[in-house]
Amino acid sequence: MTDVNAAPDTQATRIALIEDADAGELLTLRRAAFVTEAQLCGDPNIPPLTQTLPELREDLARDDVVTIGAWDGSRLVGSIRIELEDHKATLGRLAVAPDMQGRGLGTSLLFAIIPHLPAEVTEIWVFTGKDSKANLSMYAKHGFEEHHDESAGALTYTYLRRVLHEVEARGGA
């Protein structure tokens, strides 16, 4: 498990659950972080850029969704969303502020979800744009294997899966 306090670039970063009071800042973070992805996909209407504040608040209130944030001081600089369904957790909207990218924050958030997964979760799924080489590389580096591609209109998403081992399912690395 990655210790965010051990990495020099994330030394002052605090990772915790996001609450409704953080919704506006989360919406701003996601929009800033996903502009590059939208440009890469050639589609400015990807869901992280079109979600409204009321929709985001509804999502944060769901019992089957966990959203974790990373703060640098009082500024929200990263987030990750996990949707839980039986033995499966689906990651979504891993976002890091553009000026904080490349410092290991996305990886820290990826590992920060493990303690929030119920014991019955045995696999984690994630999807990203098929042309998102940096995202695909990061997920592969951390044990996610490409499973299949799926088209949604003009976009093609690659779905990746990581099977959790017993130690991980109990909160280990």
# chains A, B, ... in the order shown; residues from 1 in each chain; ligands from 1

call {"tool": "residues_around", "arguments": {"residues": "His116 (chain A)", "least_positions_apart": "2", "cutoff": "9 Å", "atoms": "only C-alpha atoms", "output": "list in words"}}
result
Val66, Ala112, Ile113, Ile114, Pro118 and Gly171 of chain A

call {"tool": "write_last_selection", "arguments": {"atoms": "N, CA and C atoms", "output": "tab-separated table (two decimals), in the first residue's frame"}}
result
chain	number	residue	atom	x	y	z
A	66	VAL	N	-18.69	5.53	-3.07
A	66	VAL	CA	-17.72	6.14	-2.15
A	66	VAL	C	-16.86	7.08	-2.99
A	112	ALA	N	-5.81	4.28	-2.02
A	112	ALA	CA	-6.61	4.75	-0.88
A	112	ALA	C	-8.01	4.15	-0.86
A	113	ILE	N	-8.46	3.60	-1.97
A	113	ILE	CA	-9.80	3.02	-2.00
A	113	ILE	C	-9.88	1.69	-1.28
A	114	ILE	N	-8.77	0.96	-1.22
A	114	ILE	CA	-8.78	-0.41	-0.70
A	114	ILE	C	-9.46	-0.52	0.67
A	118	PRO	N	-15.91	-3.10	0.76
A	118	PRO	CA	-16.48	-4.15	1.60
A	118	PRO	C	-15.74	-5.47	1.37
A	171	GLY	N	-7.48	-4.95	3.30
A	171	GLY	CA	-6.89	-3.63	3.53
A	171	GLY	C	-5.39	-3.58	3.42

call {"tool": "closest_atom_pairs", "arguments": {"of": "region 14-125 of chain A", "to": "region 155-167 of chain A", "cutoff": "9 Å", "atoms": "only C-alpha atoms", "output": "CSV"}}
result
residue,atom,partner,partner_atom,distance
A:Cys41,CA,A:Leu155,CA,6.8
A:Gly42,CA,A:Leu155,CA,8.6
A:Asp43,CA,A:Leu155,CA,8.1
A:Val121,CA,A:Leu164,CA,7.9
A:Thr122,CA,A:Leu164,CA,5.2
A:Glu123,CA,A:Val163,CA,4.3
A:Ile124,CA,A:Arg162,CA,5.2
A:Trp125,CA,A:Arg161,CA,4.5

call {"tool": "closest_residue", "arguments": {"among": "A:Ile15, A:Leu40, A:Ala134, A:Ala89", "to": "Leu76 (chain A)", "atoms": "only C-alpha atoms"}}
result
A:Ile15

call {"tool": "residues_around", "arguments": {"residues": "Thr128 (chain A)", "least_positions_apart": "2", "cutoff": "10 Å", "atoms": "only C-alpha atoms", "output": "PDB file with C-alpha atoms, in the first residue's frame"}}
result
ATOM      1  CA  GLU A  37      -9.380  13.774 -21.680  1.00  0.00           C
ATOM      2  CA  LEU A  91     -13.627   3.063 -10.297  1.00  0.00           C
ATOM      3  CA  GLY A  92     -14.558   6.214 -12.042  1.00  0.00           C
ATOM      4  CA  ARG A  93     -13.623   9.809 -12.397  1.00  0.00           C
ATOM      5  CA  LEU A  94     -10.100   9.578 -11.079  1.00  0.00           C
ATOM      6  CA  VAL A 126     -12.120   0.781 -14.355  1.00  0.00           C
ATOM      7  CA  LYS A 130      -9.018   3.763 -25.580  1.00  0.00           C
ATOM      8  CA  ASP A 131      -6.568   6.484 -26.627  1.00  0.00           C
ATOM      9  CA  SER A 132      -5.707   7.502 -23.039  1.00  0.00           C
ATOM     10  CA  LYS A 133      -2.253   5.956 -23.104  1.00  0.00           C
ATOM     11  CA  ASN A 135      -4.196   6.235 -17.984  1.00  0.00           C
ATOM     12  CA  LEU A 136      -3.901   2.763 -19.518  1.00  0.00           C
ATOM     13  CA  TYR A 139      -3.652   1.112 -14.484  1.00  0.00           C
ATOM     14  CA  ASP A 149     -13.399  -2.326 -25.395  1.00  0.00           C
ATOM     15  CA  THR A 156     -14.403   3.823 -27.402  1.00  0.00           C
ATOM     16  CA  TYR A 157     -13.626   2.920 -23.810  1.00  0.00           C
ATOM     17  CA  THR A 158     -11.192   0.269 -22.647  1.00  0.00           C
ATOM     18  CA  TYR A 159     -12.344  -1.672 -19.584  1.00  0.00           C
ATOM     19  CA  LEU A 160      -9.701  -3.015 -17.242  1.00  0.00           C
TER      20      LEU A 160
END

call {"tool": "select_by_dssp", "arguments": {"residues": "region 3-168 of chain A", "states": "helix (DSSP H, G or I)", "output": "MDAnalysis selection string"}}
result
chainID A and resid 8:10 20:41 47:50 53:61 98:100 105:112 114:116 133:141 166:168

call {"tool": "write_last_selection", "arguments": {"atoms": "C-alpha atoms", "output": "PDB file, in the first residue's frame"}}
result
ATOM      1  CA  PRO A   8       7.982  13.826  -1.286  1.00  0.00           C
ATOM      2  CA  ASP A   9       5.518  15.266  -3.799  1.00  0.00           C
ATOM      3  CA  THR A  10       2.446  14.284  -1.771  1.00  0.00           C
ATOM      4  CA  ASP A  20     -21.568  17.236   0.355  1.00  0.00           C
ATOM      5  CA  ALA A  21     -19.926  20.479   1.514  1.00  0.00           C
ATOM      6  CA  ASP A  22     -17.073  19.703  -0.922  1.00  0.00           C
ATOM      7  CA  ALA A  23     -19.385  19.190  -3.929  1.00  0.00           C
ATOM      8  CA  GLY A  24     -18.726  22.552  -5.599  1.00  0.00           C
ATOM      9  CA  GLU A  25     -14.983  22.186  -5.309  1.00  0.00           C
ATOM     10  CA  LEU A  26     -15.205  18.582  -6.566  1.00  0.00           C
ATOM     11  CA  LEU A  27     -17.179  19.695  -9.617  1.00  0.00           C
ATOM     12  CA  THR A  28     -14.522  22.337 -10.369  1.00  0.00           C
ATOM     13  CA  LEU A  29     -11.676  19.836  -9.921  1.00  0.00           C
ATOM     14  CA  ARG A  30     -13.272  17.286 -12.238  1.00  0.00           C
ATOM     15  CA  ARG A  31     -13.903  19.855 -14.937  1.00  0.00           C
ATOM     16  CA  ALA A  32     -10.316  21.068 -14.817  1.00  0.00           C
ATOM     17  CA  ALA A  33      -8.918  17.537 -14.780  1.00  0.00           C
ATOM     18  CA  PHE A  34     -11.092  16.119 -17.570  1.00  0.00           C
ATOM     19  CA  VAL A  35     -10.602  18.868 -20.173  1.00  0.00           C
ATOM     20  CA  THR A  36      -7.498  17.088 -21.460  1.00  0.00           C
ATOM     21  CA  GLU A  37      -9.380  13.774 -21.680  1.00  0.00           C
ATOM     22  CA  ALA A  38     -12.210  15.482 -23.588  1.00  0.00           C
ATOM     23  CA  GLN A  39      -9.684  16.965 -26.021  1.00  0.00           C
ATOM     24  CA  LEU A  40      -8.037  13.575 -26.469  1.00  0.00           C
ATOM     25  CA  CYS A  41     -11.430  11.990 -27.189  1.00  0.00           C
ATOM     26  CA  PRO A  47     -19.978  12.942 -18.405  1.00  0.00           C
ATOM     27  CA  PRO A  48     -17.420  14.503 -15.995  1.00  0.00           C
ATOM     28  CA  LEU A  49     -17.772  17.772 -17.929  1.00  0.00           C
ATOM     29  CA  THR A  50     -21.560  17.760 -18.196  1.00  0.00           C
ATOM     30  CA  LEU A  53     -23.969  20.242  -9.165  1.00  0.00           C
ATOM     31  CA  PRO A  54     -27.356  18.739  -8.156  1.00  0.00           C
ATOM     32  CA  GLU A  55     -26.464  15.496  -9.992  1.00  0.00           C
ATOM     33  CA  LEU A  56     -23.092  15.399  -8.239  1.00  0.00           C
ATOM     34  CA  ARG A  57     -24.740  15.921  -4.853  1.00  0.00           C
ATOM     35  CA  GLU A  58     -27.156  13.058  -5.575  1.00  0.00           C
ATOM     36  CA  ASP A  59     -24.190  10.857  -6.469  1.00  0.00           C
ATOM     37  CA  LEU A  60     -22.355  11.743  -3.245  1.00  0.00           C
ATOM     38  CA  ALA A  61     -25.458  10.804  -1.229  1.00  0.00           C
ATOM     39  CA  PRO A  98      -3.644  19.674 -13.864  1.00  0.00           C
ATOM     40  CA  ASP A  99      -0.854  21.377 -11.897  1.00  0.00           C
ATOM     41  CA  MET A 100      -0.559  18.346  -9.570  1.00  0.00           C
ATOM     42  CA  LEU A 105      -1.344  11.524  -6.497  1.00  0.00           C
ATOM     43  CA  GLY A 106      -3.474   9.389  -8.833  1.00  0.00           C
ATOM     44  CA  THR A 107      -1.643   6.291  -7.643  1.00  0.00           C
ATOM     45  CA  SER A 108      -2.123   7.311  -4.002  1.00  0.00           C
ATOM     46  CA  LEU A 109      -5.855   7.705  -4.610  1.00  0.00           C
ATOM     47  CA  LEU A 110      -5.968   4.355  -6.383  1.00  0.00           C
ATOM     48  CA  PHE A 111      -4.569   2.623  -3.300  1.00  0.00           C
ATOM     49  CA  ALA A 112      -6.612   4.753  -0.877  1.00  0.00           C
ATOM     50  CA  ILE A 114      -8.780  -0.410  -0.703  1.00  0.00           C
ATOM     51  CA  PRO A 115      -9.788   0.186   2.949  1.00  0.00           C
ATOM     52  CA  HIS A 116     -13.197   1.464   1.779  1.00  0.00           C
ATOM     53  CA  LYS A 133      -2.253   5.956 -23.104  1.00  0.00           C
ATOM     54  CA  ALA A 134      -1.098   7.520 -19.807  1.00  0.00           C
ATOM     55  CA  ASN A 135      -4.196   6.235 -17.984  1.00  0.00           C
ATOM     56  CA  LEU A 136      -3.901   2.763 -19.518  1.00  0.00           C
ATOM     57  CA  SER A 137      -0.233   2.642 -18.544  1.00  0.00           C
ATOM     58  CA  MET A 138      -0.923   3.712 -14.941  1.00  0.00           C
ATOM     59  CA  TYR A 139      -3.652   1.112 -14.484  1.00  0.00           C
ATOM     60  CA  ALA A 140      -1.522  -1.653 -16.038  1.00  0.00           C
ATOM     61  CA  LYS A 141       1.383  -0.706 -13.764  1.00  0.00           C
ATOM     62  CA  GLU A 166      -7.073 -11.975   0.000  1.00  0.00           C
ATOM     63  CA  VAL A 167      -4.535  -9.644   1.620  1.00  0.00           C
ATOM     64  CA  GLU A 168      -5.754  -6.655  -0.444  1.00  0.00           C
TER      65      GLU A 168
END

call {"tool": "residues_around", "arguments": {"residues": "Gln101 (chain A)", "least_positions_apart": "6", "cutoff": "10 Å", "atoms": "only C-alpha atoms", "output": "VMD selection string"}}
result
chain A and resid 33 77 to 78 95

call {"tool": "write_last_selection", "arguments": {"atoms": "C-alpha atoms", "output": "CSV table (one decimal), in the first residue's frame"}}
result
chain,number,residue,atom,x,y,z
A,33,ALA,CA,-8.9,17.5,-14.8
A,77,VAL,CA,-6.4,18.5,-5.7
A,78,GLY,CA,-7.6,15.0,-6.5
A,95,ALA,CA,-9.2,13.3,-11.3

call {"tool": "select_by_dssp", "arguments": {"residues": "region 35-124 of chain A", "states": "strand (DSSP E)", "output": "PDB file with C-alpha atoms, in the first residue's frame"}}
result
ATOM      1  CA  VAL A  65     -20.868   5.084  -4.007  1.00  0.00           C
ATOM      2  CA  VAL A  66     -17.721   6.135  -2.150  1.00  0.00           C
ATOM      3  CA  THR A  67     -15.898   9.284  -3.237  1.00  0.00           C
ATOM      4  CA  ILE A  68     -12.464  10.019  -1.831  1.00  0.00           C
ATOM      5  CA  GLY A  69     -10.576  13.284  -2.146  1.00  0.00           C
ATOM      6  CA  ALA A  70      -7.006  14.471  -1.747  1.00  0.00           C
ATOM      7  CA  TRP A  71      -6.347  17.893  -0.272  1.00  0.00           C
ATOM      8  CA  ASP A  72      -3.207  19.986  -0.440  1.00  0.00           C
ATOM      9  CA  ARG A  75      -7.434  22.848  -1.741  1.00  0.00           C
ATOM     10  CA  LEU A  76      -9.029  19.722  -3.233  1.00  0.00           C
ATOM     11  CA  VAL A  77      -6.416  18.491  -5.729  1.00  0.00           C
ATOM     12  CA  GLY A  78      -7.583  14.958  -6.501  1.00  0.00           C
ATOM     13  CA  SER A  79     -10.516  12.584  -6.256  1.00  0.00           C
ATOM     14  CA  ILE A  80     -11.679   9.093  -7.104  1.00  0.00           C
ATOM     15  CA  ARG A  81     -15.166   7.587  -7.169  1.00  0.00           C
ATOM     16  CA  ILE A  82     -16.006   3.952  -6.447  1.00  0.00           C
ATOM     17  CA  GLU A  83     -19.366   2.359  -7.220  1.00  0.00           C
ATOM     18  CA  LEU A  84     -20.024  -0.850  -5.296  1.00  0.00           C
ATOM     19  CA  GLU A  85     -22.070  -3.746  -6.632  1.00  0.00           C
ATOM     20  CA  LYS A  88     -17.375  -5.746  -7.851  1.00  0.00           C
ATOM     21  CA  ALA A  89     -16.130  -2.178  -7.377  1.00  0.00           C
ATOM     22  CA  THR A  90     -16.029   0.134 -10.379  1.00  0.00           C
ATOM     23  CA  LEU A  91     -13.627   3.063 -10.297  1.00  0.00           C
ATOM     24  CA  GLY A  92     -14.558   6.214 -12.042  1.00  0.00           C
ATOM     25  CA  ARG A  93     -13.623   9.809 -12.397  1.00  0.00           C
ATOM     26  CA  LEU A  94     -10.100   9.578 -11.079  1.00  0.00           C
ATOM     27  CA  ALA A  95      -9.213  13.254 -11.271  1.00  0.00           C
ATOM     28  CA  VAL A  96      -6.033  15.135 -10.405  1.00  0.00           C
ATOM     29  CA  GLU A 123     -12.449  -7.343  -8.231  1.00  0.00           C
ATOM     30  CA  ILE A 124     -12.036  -3.724  -9.234  1.00  0.00           C
TER      31      ILE A 124
END

call {"tool": "atom_distance", "arguments": {"atom1": "CA of Arg62 (chain A)", "atom2": "CA of Glu19 (chain A)"}}
result
11.5 Å

call {"tool": "atom_distance", "arguments": {"atom1": "CA of Gly102 (chain A)", "atom2": "CA of Thr13 (chain A)"}}
result
14.4 Å
